[in-house]
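*Asks:* Sharing a structure, written as structure tokens. Questions coming.
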Amino acid sequence: MAYEEHFQQTSEAKYDCLLFDIDDTLYPLSSGLAMEVKKNIQEYMVQKLGIEEDKVQELCLSLYKIYGTTMAGLKAVGYDFDYDDFHRFVHGRLPYSTLKPDPILRNIILSLPIWKVVFTNADKAHAAKIIARLGLEGCFEKIISFETLNPITKTESPVDTKTREIFDIISYMANPDSSIELPKTSVVCKPSEGAFEQVFKMANINPKKTLFFDDSIRNIQTGKRVGLHTVWVGTSHREEGVDIALEHIHNIREALLQLWDAVDDKAEEIRTRQKVAIETIA
């Protein structure tokens with residue numbers, strides 16, 4: 001179904017789109033994949049970028065705080081590397097077998113005749129593997145990944161970073177100087193407001209009628225600023241910018257009964273129309 005047709009049919013509903021993050025949202029943090037990703041990123045920084053091992057952890061934290069993802073930060077401060085090579089190293093070695101099919105989540109998602117979109121900072125190969133492992137193929141109308149927002153995924157051959165001038169973000173964080181302009185990243189990703197705005201255009205999303213599910217409070221708070229209704233997944237704790245907090249993605253139905261009430265009302269309306277039509281013909 002084309003989105004325009006879908007939008008016309010659901011324009012009276014409170015929500016007409018569900019926007020989902022993937023990692024630690026469609027599956028729980030307890031899977032352990034997040035820790036494996038962190039370990040692989042740090043190994044990449046040491047092995048491929050030549051960063052001293054004792055500086056990696058602090059550097060990751062600084063880059064994540066400022067730029068949203070370590071990759072975006074590495075690009076900003078001057079490291080040159082191939083995006084695909086980074087993703088293959090970080091995601092290509094993950095123990096995906098730890099994830100099992102989730103028929104409960106599949107049934108929940110498919111029971112809602114609403115536009116459903118995935119928005120992830122991860123690469124498309126990783127997104128496809130996660131969705132397949134969870135048994136969620138065919139549940140989403142559109143998947144927006146790293147490549148979608150960063151279509152030129154190749155750089156020139158990585159150069160020797162020792163010959164490049166790298167911005168010392170660790171020293172800056174230790175002694176912030178307002179007169180120094182931080183380098184900007186070329187990577188488009190959450191939690192940048194610009195990334196959200198691009199997604200809205202690409203997927204024809206009306207943020208005011210969209211529920212956004214994510215495990216990151218920064219992403220949630222950005223989502224709130226750009227007009228989304230927010231669902232923070234992985235905790236029952238509420239913070240500024242959080243409309244609904246879910247300990248687990250399976251709690252959607254209990255927390256958002258209005259979604260199914262709207263479906264039931266629509267189904268009843270259709271049944272009533274059919275009944276009237278039959279009686280009229282008879």
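Labels for the structure tokens follow display order: chains A, B, ..., residues from 1 in each chain, ligands from 1.
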Find the nearest atom pair between each residue of region 7-63 of chain A and region 99-123 of chain A for residues within 12 Å, count only C-alpha atoms, give distances in Å to one decimal, sort rows by chain and ascending number, and present the table as a tab-separated table.
*Replies:*
residue	atom	partner	partner_atom	distance
A:Phe7	CA	A:Trp115	CA	8.5
A:Gln8	CA	A:Ile114	CA	11.9
A:Gln9	CA	A:Ile114	CA	10.0
A:Thr10	CA	A:Ile114	CA	8.0
A:Ser11	CA	A:Ile114	CA	10.9
A:Ala13	CA	A:Ile114	CA	9.9
A:Lys14	CA	A:Ile114	CA	11.1
A:Tyr15	CA	A:Ile114	CA	8.1
A:Asp16	CA	A:Ile114	CA	5.6
A:Cys17	CA	A:Trp115	CA	4.6
A:Leu18	CA	A:Lys116	CA	4.8
A:Leu19	CA	A:Val117	CA	4.9
A:Phe20	CA	A:Val118	CA	4.7
A:Asp21	CA	A:Phe119	CA	5.2
A:Ile22	CA	A:Thr120	CA	6.1
A:Asp23	CA	A:Thr120	CA	7.8
A:Asp24	CA	A:Thr120	CA	11.0
A:Thr25	CA	A:Thr120	CA	10.4
A:Leu26	CA	A:Leu105	CA	8.2
A:Tyr27	CA	A:Leu99	CA	7.9
A:Pro28	CA	A:Leu99	CA	9.7
A:Leu29	CA	A:Leu99	CA	11.2
A:Ser30	CA	A:Leu99	CA	10.5
A:Ser31	CA	A:Leu99	CA	7.1
A:Gly32	CA	A:Leu99	CA	9.7
A:Leu33	CA	A:Leu99	CA	9.1
A:Val37	CA	A:Ala122	CA	10.9
*Asks:* Could you pull out all residues of region 185-223 of chain A with a DSSP call of alpha helix (DSSP H) and give them as a VMD selection string?
*Replies:* chain A and resid 193 to 202 217 to 223
*Asks:* Print the selection's residues with N, CA, C and O atoms to a file, as a CSV table (one decimal), in the first residue's frame.
*Replies:*
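New file selection17.csv:
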chain,number,residue,atom,x,y,z
A,193,GLU,N,19.3,16.1,15.2
A,193,GLU,CA,18.0,16.5,14.7
A,193,GLU,C,17.9,16.5,13.2
A,193,GLU,O,16.8,16.1,12.6
A,194,GLY,N,19.0,16.8,12.5
A,194,GLY,CA,19.0,16.7,11.1
A,194,GLY,C,18.7,15.3,10.5
A,194,GLY,O,18.1,15.1,9.5
A,195,ALA,N,19.2,14.3,11.3
A,195,ALA,CA,19.0,12.9,10.9
A,195,ALA,C,17.5,12.6,10.9
A,195,ALA,O,17.0,11.9,10.0
A,196,PHE,N,16.9,13.0,12.0
A,196,PHE,CA,15.4,12.8,12.2
A,196,PHE,C,14.7,13.4,11.0
A,196,PHE,O,13.7,12.9,10.4
A,197,GLU,N,15.0,14.7,10.7
A,197,GLU,CA,14.3,15.4,9.7
A,197,GLU,C,14.5,14.7,8.3
A,197,GLU,O,13.5,14.7,7.6
A,198,GLN,N,15.6,14.2,8.1
A,198,GLN,CA,15.8,13.4,6.8
A,198,GLN,C,14.9,12.2,6.8
A,198,GLN,O,14.3,11.9,5.7
A,199,VAL,N,14.8,11.5,7.9
A,199,VAL,CA,14.0,10.3,8.0
A,199,VAL,C,12.5,10.7,7.7
A,199,VAL,O,11.8,10.0,7.0
A,200,PHE,N,12.1,11.8,8.3
A,200,PHE,CA,10.7,12.2,8.1
A,200,PHE,C,10.4,12.4,6.6
A,200,PHE,O,9.3,12.0,6.1
A,201,LYS,N,11.3,13.0,5.9
A,201,LYS,CA,11.1,13.2,4.5
A,201,LYS,C,11.2,11.9,3.7
A,201,LYS,O,10.4,11.7,2.8
A,202,MET,N,12.2,11.1,4.0
A,202,MET,CA,12.4,9.8,3.2
A,202,MET,C,11.2,8.9,3.4
A,202,MET,O,10.8,8.2,2.4
A,217,ILE,N,18.2,7.5,25.7
A,217,ILE,CA,17.5,8.6,26.2
A,217,ILE,C,17.9,9.9,25.4
A,217,ILE,O,17.0,10.7,25.2
A,218,ARG,N,19.1,9.9,24.9
A,218,ARG,CA,19.4,11.1,24.0
A,218,ARG,C,18.6,11.1,22.7
A,218,ARG,O,18.2,12.1,22.3
A,219,ASN,N,18.5,9.9,22.1
A,219,ASN,CA,17.7,9.8,20.9
A,219,ASN,C,16.2,10.1,21.2
A,219,ASN,O,15.6,10.8,20.4
A,220,ILE,N,15.8,9.6,22.4
A,220,ILE,CA,14.4,9.9,22.8
A,220,ILE,C,14.1,11.4,22.9
A,220,ILE,O,13.1,12.0,22.5
A,221,GLN,N,15.1,12.1,23.6
A,221,GLN,CA,14.9,13.5,23.9
A,221,GLN,C,15.0,14.3,22.6
A,221,GLN,O,14.3,15.3,22.4
A,222,THR,N,15.9,13.9,21.7
A,222,THR,CA,15.9,14.6,20.4
A,222,THR,C,14.6,14.3,19.6
A,222,THR,O,14.0,15.3,19.0
A,223,GLY,N,14.1,13.1,19.7
A,223,GLY,CA,12.8,12.8,19.0
A,223,GLY,C,11.7,13.6,19.5
A,223,GLY,O,10.9,14.1,18.8
*Asks:* Counting only C-alpha atoms, what is within 8 Å of Leu49 (chain A), bar same-chain residues fewer than 3 positions away, as a VMD selection string?
*Replies:* chain A and resid 44 to 46 79 81 161
*Asks:* Extract the full set of strand (DSSP E or B) residues from region 9-181 of chain A according to DSSP on the backbone, and format it as a list in words.
*Replies:*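 The residues of region 9-181 of chain A classed as strand (DSSP E or B) are Cys17, Leu18, Leu19, Phe20, Trp115, Lys116, Val117, Val118, Phe119, Lys142, Ile143 and Ile144 of chain A.
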*Asks:* Find the spatial neighbours of region 58-72 of chain A, counting only C-alpha atoms, within a cut-off of 8 Å - ignore same-chain residues fewer than 3 positions away - and output them as a ChimeraX atom specification.
*Replies:* /A:42,55,75-76,169-170,173,185-192
*Asks:* By how many Å are CA of Ile166 (chain A) and CA of Asn150 (chain A) apart?
*Replies:*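 So the two atoms, CA of Ile166 (chain A) and CA of Asn150 (chain A), lie 22.6 Å apart.
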*Asks:* Just give me the gap between CA of Lys124 (chain A) and CA of Trp232 (chain A) in Å, one decimal is fine.
*Replies:*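 Result for CA of Lys124 (chain A) versus CA of Trp232 (chain A): 23.1 Å, one decimal.
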*Asks:* Region 243-255 of chain A: which residues within 6 Å, counting only C-alpha atoms, same-chain residues fewer than 5 positions away excluded, as a list in words?
*Replies:* Thr230, Val231, Trp232, Val233, Gly234, Thr235 and Ser236 of chain A
*Asks:* Next, dump the selected residues to file, keeping only C-alpha atoms, as a compact mmCIF listing (two decimals), in the first residue's frame.
*Replies:*
# COMPACT_ATOMS: atom_id res chain seq x y z
CA THR A 230 8.36 8.97 22.54
CA VAL A 231 8.60 5.48 24.02
CA TRP A 232 11.77 4.76 26.00
CA VAL A 233 12.45 1.01 25.88
CA GLY A 234 14.42 -0.89 28.51
CA THR A 235 13.27 0.86 31.67
CA SER A 236 10.11 1.87 33.53
*Asks:* Counting only C-alpha atoms, which residue out of A:Val242, A:Ile205, A:Leu182, A:Val90 sits closest to Val77 (chain A)?
*Replies:*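 Of A:Val242, A:Ile205, A:Leu182, A:Val90, the one nearest Val77 (chain A) is A:Leu182, counting only C-alpha atoms.
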